[in-house]
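The file input-v6.cif comes next; it holds mmCIF, C-alpha atoms.
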```cif
data_target
loop_
_atom_site.label_atom_id
_atom_site.label_comp_id
_atom_site.auth_asym_id
_atom_site.auth_seq_id
_atom_site.Cartn_x
_atom_site.Cartn_y
_atom_site.Cartn_z
CA MET A 12 22.30 32.69 -15.82
CA ASP A 13 20.55 35.91 -14.74
CA SER A 14 18.35 36.15 -11.62
CA GLU A 15 15.12 36.36 -13.64
CA LYS A 16 15.82 33.04 -15.35
CA GLN A 17 16.93 31.49 -12.07
CA ASN A 18 13.53 32.26 -10.53
CA GLU A 19 11.52 30.98 -13.48
CA LEU A 20 8.78 28.46 -12.65
CA VAL A 21 9.50 24.95 -13.93
CA THR A 22 6.43 22.93 -14.87
CA ILE A 23 6.44 19.14 -15.21
CA PHE A 24 3.60 17.00 -16.52
CA ILE A 25 3.34 13.32 -15.60
CA ILE A 26 1.21 11.41 -18.12
CA SER A 27 0.47 7.77 -17.39
CA ASP A 28 -1.95 5.02 -18.34
CA SER A 29 -1.84 3.85 -14.72
CA ALA A 30 -1.20 5.52 -11.35
CA GLY A 31 1.86 7.44 -12.55
CA GLU A 32 4.03 6.51 -9.58
CA THR A 33 7.10 5.56 -11.62
CA ALA A 34 7.29 8.87 -13.48
CA SER A 35 6.37 10.85 -10.37
CA LYS A 36 9.28 9.38 -8.42
CA LEU A 37 11.71 10.30 -11.18
CA ALA A 38 10.32 13.83 -11.32
CA GLN A 39 10.52 14.25 -7.55
CA ALA A 40 14.07 12.90 -7.40
CA SER A 41 15.09 15.36 -10.09
CA MET A 42 13.27 18.28 -8.45
CA ALA A 43 15.04 17.57 -5.15
CA GLN A 44 18.33 18.59 -6.79
CA TYR A 45 17.03 22.16 -7.10
CA PRO A 46 15.75 23.18 -3.64
CA THR A 47 15.54 26.89 -4.57
CA VAL A 48 13.53 26.36 -7.75
CA GLU A 49 9.75 26.70 -7.76
CA PHE A 50 8.09 23.72 -9.42
CA CYS A 51 4.57 22.96 -10.55
CA LEU A 52 3.88 19.24 -10.95
CA PHE A 53 0.77 18.08 -12.83
CA ARG A 54 -0.33 14.44 -12.92
CA ARG A 55 -2.56 13.11 -15.66
CA THR A 56 -3.23 9.49 -14.73
CA PHE A 57 -5.24 6.60 -16.22
CA VAL A 58 -4.90 8.10 -19.69
CA HIS A 59 -6.37 5.27 -21.79
CA THR A 60 -7.69 7.08 -24.85
CA GLU A 61 -6.35 9.39 -27.53
CA GLU A 62 -8.83 12.04 -26.42
CA LEU A 63 -7.52 12.05 -22.85
CA LEU A 64 -3.93 11.99 -24.08
CA MET A 65 -4.42 14.96 -26.42
CA LYS A 66 -6.04 16.97 -23.64
CA ALA A 67 -3.09 16.24 -21.34
CA LEU A 68 -0.57 17.09 -24.07
CA ASN A 69 -2.28 20.36 -24.92
CA ASP A 70 -2.44 21.28 -21.24
CA ALA A 71 1.30 20.64 -21.03
CA LYS A 72 1.91 22.72 -24.15
CA ALA A 73 -0.07 25.63 -22.69
CA GLU A 74 2.20 25.58 -19.63
CA ASN A 75 5.39 24.94 -21.63
CA GLY A 76 5.79 21.92 -19.42
CA MET A 77 8.33 19.15 -19.45
CA ILE A 78 6.57 15.84 -20.15
CA ILE A 79 7.45 12.50 -18.58
CA TYR A 80 5.19 9.69 -19.65
CA THR A 81 4.59 5.97 -19.10
CA LEU A 82 2.25 4.75 -21.83
CA ILE A 83 2.51 1.07 -22.74
CA ASP A 84 0.13 1.33 -25.71
CA PRO A 85 2.43 1.89 -28.73
CA THR A 86 -0.16 4.06 -30.50
CA LEU A 87 -0.54 6.42 -27.55
CA SER A 88 3.21 6.43 -26.96
CA LYS A 89 3.84 7.45 -30.59
CA ILE A 90 1.21 10.18 -30.41
CA ALA A 91 2.93 11.61 -27.33
CA LYS A 92 6.38 11.47 -28.94
CA ASP A 93 5.22 13.02 -32.24
CA PHE A 94 3.32 15.79 -30.46
CA CYS A 95 6.32 16.72 -28.33
CA ASP A 96 8.68 16.60 -31.31
CA ASN A 97 6.37 18.84 -33.36
CA GLU A 98 5.84 21.30 -30.51
CA ASP A 99 9.50 21.25 -29.42
CA LEU A 100 8.59 20.15 -25.88
CA PHE A 101 10.95 18.21 -23.64
CA THR A 102 9.74 14.64 -23.33
CA MET A 103 10.89 11.38 -21.79
CA ASP A 104 9.37 7.97 -22.48
CA LEU A 105 10.22 6.25 -19.23
CA LEU A 106 8.81 2.82 -20.02
CA ASN A 107 9.01 1.68 -23.63
CA PRO A 108 12.79 1.76 -24.25
CA VAL A 109 13.39 -0.64 -21.34
CA VAL A 110 10.36 -2.79 -22.20
CA SER A 111 11.60 -3.07 -25.81
CA GLU A 112 15.11 -4.04 -24.75
CA ILE A 113 13.80 -6.75 -22.41
CA GLY A 114 11.69 -8.08 -25.27
CA ARG A 115 14.70 -8.08 -27.59
CA ARG A 116 16.79 -10.04 -25.11
CA ALA A 117 14.00 -12.43 -24.10
CA HIS A 118 12.77 -12.89 -27.70
CA LEU A 119 9.22 -12.14 -26.54
CA GLU A 120 6.56 -9.52 -27.08
CA PRO A 121 5.35 -7.56 -24.04
CA THR A 122 1.79 -8.11 -22.84
CA GLY A 123 0.97 -4.44 -23.42
CA GLU A 124 -1.14 -4.48 -20.26
CA ARG A 125 -1.67 -1.15 -18.50
CA GLY A 126 -0.83 -1.02 -14.80
CA ALA A 127 0.66 -4.53 -14.82
CA LEU A 128 2.88 -3.57 -11.89
CA HIS A 129 -0.16 -3.18 -9.65
CA HIS A 130 -1.72 -6.61 -10.14
CA LEU A 131 -3.72 -8.00 -7.22
CA ASN A 132 -1.46 -11.04 -7.29
CA GLU A 133 0.20 -13.14 -4.59
CA ASN A 134 2.84 -10.47 -3.96
CA TYR A 135 0.15 -7.84 -3.46
CA PHE A 136 -1.61 -9.90 -0.80
CA LYS A 137 1.71 -10.65 0.91
CA ARG A 138 2.26 -6.91 1.11
CA ILE A 139 -1.17 -6.39 2.67
CA LYS A 140 -0.41 -9.11 5.25
CA ALA A 141 2.94 -7.47 6.01
CA MET A 142 1.19 -4.13 6.62
CA GLU A 143 -1.38 -5.81 8.89
CA PHE A 144 1.53 -7.42 10.75
CA ALA A 145 3.21 -4.03 11.25
CA VAL A 146 0.01 -2.57 12.71
CA LYS A 147 -0.60 -5.60 14.96
CA TYR A 148 2.92 -5.56 16.40
CA ASP A 149 3.45 -1.81 16.53
CA ASP A 150 4.83 -0.28 19.76
CA GLY A 151 5.52 -3.67 21.34
CA LYS A 152 1.83 -4.56 21.59
CA ASP A 153 2.64 -8.26 21.53
CA PRO A 154 6.30 -9.34 21.93
CA ARG A 155 5.48 -12.72 20.39
CA GLY A 156 5.54 -10.89 17.06
CA PHE A 157 9.32 -10.56 17.39
CA LEU A 158 9.65 -14.28 16.79
CA GLU A 159 7.79 -14.06 13.45
CA ALA A 160 9.20 -10.75 12.22
CA ASP A 161 11.72 -10.28 9.42
CA VAL A 162 12.89 -7.07 11.11
CA VAL A 163 12.59 -5.85 14.70
CA LEU A 164 13.04 -2.12 15.24
CA LEU A 165 14.01 -0.72 18.63
CA GLY A 166 14.21 2.93 19.59
CA VAL A 167 13.28 5.66 22.03
CA SER A 168 10.23 7.79 21.31
CA ARG A 169 10.30 9.77 18.01
CA THR A 170 12.92 7.73 16.17
CA SER A 171 10.45 6.92 13.34
CA LYS A 172 9.76 3.30 14.35
CA THR A 173 6.14 3.21 13.17
CA PRO A 174 6.63 5.00 9.82
CA LEU A 175 9.63 2.76 9.12
CA SER A 176 7.63 -0.35 10.00
CA LEU A 177 4.90 0.57 7.52
CA TYR A 178 7.38 1.62 4.82
CA LEU A 179 9.24 -1.68 5.09
CA ALA A 180 5.94 -3.57 5.17
CA ASN A 181 5.23 -2.06 1.77
CA LYS A 182 8.26 -4.04 0.62
CA ASN A 183 6.69 -7.30 1.85
CA LEU A 184 8.72 -7.38 5.07
CA LYS A 185 7.13 -8.29 8.39
CA VAL A 186 8.25 -5.67 10.91
CA ALA A 187 7.65 -5.38 14.64
CA ASN A 188 8.88 -2.53 16.81
CA LEU A 189 9.43 -1.78 20.47
CA PRO A 190 9.68 1.64 22.19
CA LEU A 191 12.52 1.80 24.70
CA ILE A 192 12.08 3.45 28.08
CA PRO A 193 14.72 3.30 30.83
CA GLN A 194 13.91 0.80 33.58
CA ALA A 195 11.04 -0.59 31.50
CA HIS A 196 10.71 -4.35 31.14
CA ILE A 197 12.48 -5.74 28.08
CA PRO A 198 10.54 -8.71 26.65
CA LYS A 199 12.43 -12.01 26.85
CA GLN A 200 11.56 -12.69 23.17
CA LEU A 201 14.04 -9.98 22.21
CA PHE A 202 16.90 -12.19 23.45
CA GLU A 203 15.51 -15.28 21.73
CA ILE A 204 15.79 -14.00 18.16
CA ASP A 205 18.75 -13.61 15.83
CA PRO A 206 20.36 -10.20 16.54
CA LYS A 207 20.99 -9.94 12.80
CA LYS A 208 17.31 -9.09 12.31
CA ILE A 209 17.28 -6.40 15.03
CA VAL A 210 17.96 -2.73 14.29
CA GLY A 211 18.52 -0.19 17.05
CA LEU A 212 17.46 3.31 16.06
CA THR A 213 19.05 6.29 17.73
CA ASN A 214 19.10 10.06 17.27
CA ASP A 215 21.04 13.16 18.26
CA PRO A 216 19.82 14.73 21.54
CA GLU A 217 19.34 18.18 19.99
CA VAL A 218 17.28 16.76 17.13
CA LEU A 219 15.11 14.74 19.53
CA ILE A 220 14.52 17.77 21.74
CA GLY A 221 13.27 19.75 18.75
CA ILE A 222 11.06 16.93 17.47
CA ARG A 223 9.49 16.29 20.86
CA LYS A 224 8.83 19.97 21.53
CA GLU A 225 7.14 20.28 18.17
CA ARG A 226 5.09 17.18 18.95
CA MET A 227 3.83 18.76 22.19
CA ARG A 228 2.99 22.01 20.39
CA ALA A 229 1.00 20.03 17.82
CA TYR A 230 -1.14 18.74 20.69
CA GLY A 231 -1.57 22.26 22.08
CA LEU A 232 0.54 21.41 25.13
CA ASN A 233 3.50 23.05 26.84
CA PRO A 234 6.64 21.98 24.95
CA GLU A 235 8.83 22.36 28.06
CA THR A 236 8.09 19.04 29.78
CA ALA A 237 10.00 15.97 30.94
CA TYR A 238 9.32 14.52 27.50
CA SER A 239 11.68 17.08 25.93
CA ASP A 240 14.07 17.46 28.87
CA ARG A 241 17.70 17.20 27.78
CA GLU A 242 18.89 15.05 30.69
CA LYS A 243 15.95 12.67 30.33
CA ILE A 244 16.56 12.29 26.59
CA GLN A 245 20.28 11.66 27.14
CA ALA A 246 19.39 8.99 29.73
CA GLU A 247 16.98 7.36 27.26
CA LEU A 248 19.60 7.32 24.51
CA LYS A 249 22.23 5.89 26.89
CA PHE A 250 19.83 3.13 27.98
CA ALA A 251 19.02 2.29 24.37
CA ASN A 252 22.65 2.31 23.26
CA GLU A 253 23.66 -0.04 26.10
CA LEU A 254 20.87 -2.43 25.12
CA TYR A 255 21.93 -2.36 21.46
CA HIS A 256 25.47 -3.31 22.38
CA LYS A 257 24.23 -6.03 24.71
CA LEU A 258 22.14 -7.47 21.88
CA GLY A 259 24.89 -7.01 19.31
CA CYS A 260 22.46 -5.55 16.78
CA GLU A 261 22.83 -3.05 13.96
CA ILE A 262 22.65 0.61 15.09
CA ILE A 263 21.44 3.44 12.84
CA ASN A 264 21.33 7.13 13.72
CA VAL A 265 18.26 8.61 12.00
CA ALA A 266 19.03 12.25 12.85
CA THR A 267 19.70 13.34 9.27
CA LEU A 268 18.01 10.50 7.39
CA SER A 269 14.69 10.34 5.59
CA ILE A 270 12.44 7.30 6.04
CA GLU A 271 13.50 6.09 2.60
CA GLU A 272 17.20 6.43 3.39
CA THR A 273 16.87 4.70 6.76
CA ALA A 274 14.87 1.86 5.20
CA ALA A 275 17.53 1.41 2.50
CA MET A 276 20.25 1.27 5.16
CA ILE A 277 18.27 -1.29 7.16
CA MET A 278 17.75 -3.50 4.13
CA SER A 279 21.42 -3.24 3.17
CA ALA A 280 22.67 -3.93 6.71
CA LEU A 281 20.36 -6.92 7.17
CA ASP A 282 20.94 -8.16 3.61
CA LEU A 283 17.22 -7.99 2.78
CA GLU A 284 15.69 -7.64 -0.67
CA ASP A 285 12.64 -5.66 -1.76
CA HIS A 286 10.16 -8.43 -2.55
CA SER A 287 7.24 -6.16 -3.33
CA TYR A 288 7.70 -6.35 -7.10
CA TYR A 289 9.06 -9.86 -7.61
CA PHE A 290 7.19 -11.73 -10.30
CA MET A 291 8.80 -15.10 -9.71
CA GLU A 292 10.76 -16.80 -6.99
CA GLU A 293 14.19 -18.28 -7.57
CA GLU A 294 14.17 -22.06 -7.41
CA SER A 295 16.23 -23.59 -4.66
#
```

What's the structure tokens form of this structure?
Amino acid sequence: MDSEKQNELVTIFIISDSAGETASKLAQASMAQYPTVEFCLFRRTFVHTEELLMKALNDAKAENGMIIYTLIDPTLSKIAKDFCDNEDLFTMDLLNPVVSEIGRRAHLEPTGERGALHHLNENYFKRIKAMEFAVKYDDGKDPRGFLEADVVLLGVSRTSKTPLSLYLANKNLKVANLPLIPQAHIPKQLFEIDPKKIVGLTNDPEVLIGIRKERMRAYGLNPETAYSDREKIQAELKFANELYHKLGCEIINVATLSIEETAAMIMSALDLEDHSYYFMEEES
């Protein structure tokens, strides 16, 4: 492969009759495998009519774009497939093959409803309550929240406690978190809950130093403060690690992990399921 082809722009079109999140995640996961490639990602969402679909398809053709679509309407789906076949464009129908196979196995016809995943149903409102819970019990505002939480996150400053709390809340999990500071009071509620729902977050000193310095710069402040001092950070991490071992909780080093990866590790370690998209509960 010559250098000119290696540097060629890759264009991807997401076409969806809803928000386009499913196809977007696939595209982004695929793009991440090529960090040196320049991508252009177009999203054409809430495509409900043939007119809107043809405009999106012609836009994609003009850019010689790859097309990933989620269109539950069989007429629109066929139009997209035929267009791409005729124009020799790469295309992937991300929804209908799986929907059809489920129907074959269940001996049922699909509802054909657009955006069915995003219903304002009971699961949706549970997710909203979980997010409200995460905000209410963020940064140890009220230790009583530990007793109600599905997950309790502990960690020194800048170990992603708040982003993780909100990310896990989006999976219908009630999460509370507590920042750890040496010599600070540790709420008694922490010792009253099952350690199997506690996760201690840690980080590498060098990574924390860099993050905290950048944080200070973002505020227009001097990055060389006690907040980013190596000895202070090492003392914080030592204090946290000793507490984690005293509690007997799960410990995760977030130094090289994304929020998504850390959340997946937490859910695996605590044997938790993503309840955000469950359509029925198993009967006991």

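We find atom CA of A:Lys207 and atom CA of A:Lys137 to be spaced 22.7 Å apart.
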
Result set, the PyMOL selection byres ((chain A and resi 80-96) around 7) on current file, as a short mmCIF file (atom, residue, chain, number, x, y, z; two decimals) with C-alpha atoms, in the coordinates of the input:
```
data_model
loop_
_atom_site.label_atom_id
_atom_site.label_comp_id
_atom_site.auth_asym_id
_atom_site.auth_seq_id
_atom_site.Cartn_x
_atom_site.Cartn_y
_atom_site.Cartn_z
CA ILE A 25 3.34 13.32 -15.60
CA ILE A 26 1.21 11.41 -18.12
CA SER A 27 0.47 7.77 -17.39
CA ASP A 28 -1.95 5.02 -18.34
CA ALA A 34 7.29 8.87 -13.48
CA GLU A 61 -6.35 9.39 -27.53
CA ILE A 78 6.57 15.84 -20.15
CA ILE A 79 7.45 12.50 -18.58
CA ASN A 97 6.37 18.84 -33.36
CA GLU A 98 5.84 21.30 -30.51
CA ASP A 99 9.50 21.25 -29.42
CA LEU A 100 8.59 20.15 -25.88
CA PHE A 101 10.95 18.21 -23.64
CA THR A 102 9.74 14.64 -23.33
CA MET A 103 10.89 11.38 -21.79
CA ASP A 104 9.37 7.97 -22.48
CA LEU A 105 10.22 6.25 -19.23
CA LEU A 106 8.81 2.82 -20.02
CA ASN A 107 9.01 1.68 -23.63
CA GLY A 123 0.97 -4.44 -23.42
CA ARG A 125 -1.67 -1.15 -18.50
#
```

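Between A:Leu268 and the candidates A:Glu133, A:Asp240, A:Asp215, A:Glu120, the tightest atom-to-atom separation, counting all atoms listed in the file, involves A:Asp215.
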
Hits from the PyMOL selection byres ((chain A and resi 159) around 10), listed as a PDB file with C-alpha atoms, in the frame of the given file:
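This is the output file out-v4.pdb:
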```pdb
ATOM      1  CA  PHE A 144       1.530  -7.420  10.750  1.00  0.00           C
ATOM      2  CA  PRO A 154       6.300  -9.340  21.930  1.00  0.00           C
ATOM      3  CA  ARG A 155       5.480 -12.720  20.390  1.00  0.00           C
ATOM      4  CA  GLY A 156       5.540 -10.890  17.060  1.00  0.00           C
ATOM      5  CA  PHE A 157       9.320 -10.560  17.390  1.00  0.00           C
ATOM      6  CA  LEU A 158       9.650 -14.280  16.790  1.00  0.00           C
ATOM      7  CA  ALA A 160       9.200 -10.750  12.220  1.00  0.00           C
ATOM      8  CA  ASP A 161      11.720 -10.280   9.420  1.00  0.00           C
ATOM      9  CA  VAL A 162      12.890  -7.070  11.110  1.00  0.00           C
ATOM     10  CA  VAL A 163      12.590  -5.850  14.700  1.00  0.00           C
ATOM     11  CA  LYS A 185       7.130  -8.290   8.390  1.00  0.00           C
ATOM     12  CA  VAL A 186       8.250  -5.670  10.910  1.00  0.00           C
ATOM     13  CA  ALA A 187       7.650  -5.380  14.640  1.00  0.00           C
ATOM     14  CA  ILE A 204      15.790 -14.000  18.160  1.00  0.00           C
TER      15      ILE A 204
END
```

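Taking atom CA of A:Ser279 as the reference point, atom CA of A:Val210 is found at 11.7 Å.
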
Excluding A:Asn181 and its own-chain neighbours fewer than 4 positions away, which residues fall within 8 Å of it when counting only C-alpha atoms? Please give them as a PyMOL selection string. chain A and resi 138-139+141-142+177+287

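Taking atom CA of A:Ala180 and atom CA of A:Ile220 as endpoints, the distance between them is 28.3 Å.
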
Please provide the set of residues having any atom within 7 Å of stretch 50-59 of chain A, restricted to only C-alpha atoms, with same-chain residues fewer than 4 positions apart removed, written as a ChimeraX atom specification. /A:20-31,63-64,67

Taking the file as shown, what set of residues would the PyMOL selection byres ((chain A and resi 149) around 9) give back, as a PyMOL selection string? chain A and resi 144-148+150-153+172-173+176+186-189

What are the centre and edge lengths in Å, to one decimal, of the axis-aligned box around all listed atoms of stretch 121-132 of chain A with 4 Å added on each side, as lines of an AutoDock Vina configuration file?
```
center_x = 0.8
center_y = -6.0
center_z = -15.6
size_x = 17.1
size_y = 18.0
size_z = 24.8
```

Residues at most 9 Å from A:Ala246, counting all atoms listed in the file, excluding those fewer than 5 positions away in the same chain, as a list in words?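 Surrounding residues, per the criterion: Pro193, Arg241 and Ala251 of chain A.
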
Please produce an output containing C-alpha atoms for each residue in the selection, written as a PDB file, in the coordinates of the input.
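Done, and the output landed in part-v8.pdb:
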```pdb
ATOM      1  CA  PRO A 193      14.720   3.300  30.830  1.00  0.00           C
ATOM      2  CA  ARG A 241      17.700  17.200  27.780  1.00  0.00           C
ATOM      3  CA  ALA A 251      19.020   2.290  24.370  1.00  0.00           C
TER       4      ALA A 251
END
```

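Using all atoms listed in the file, the shortest contact distance between A:Glu143 and any of A:Cys260, A:Leu184, A:Ala73, A:Leu201 is found at A:Leu184.
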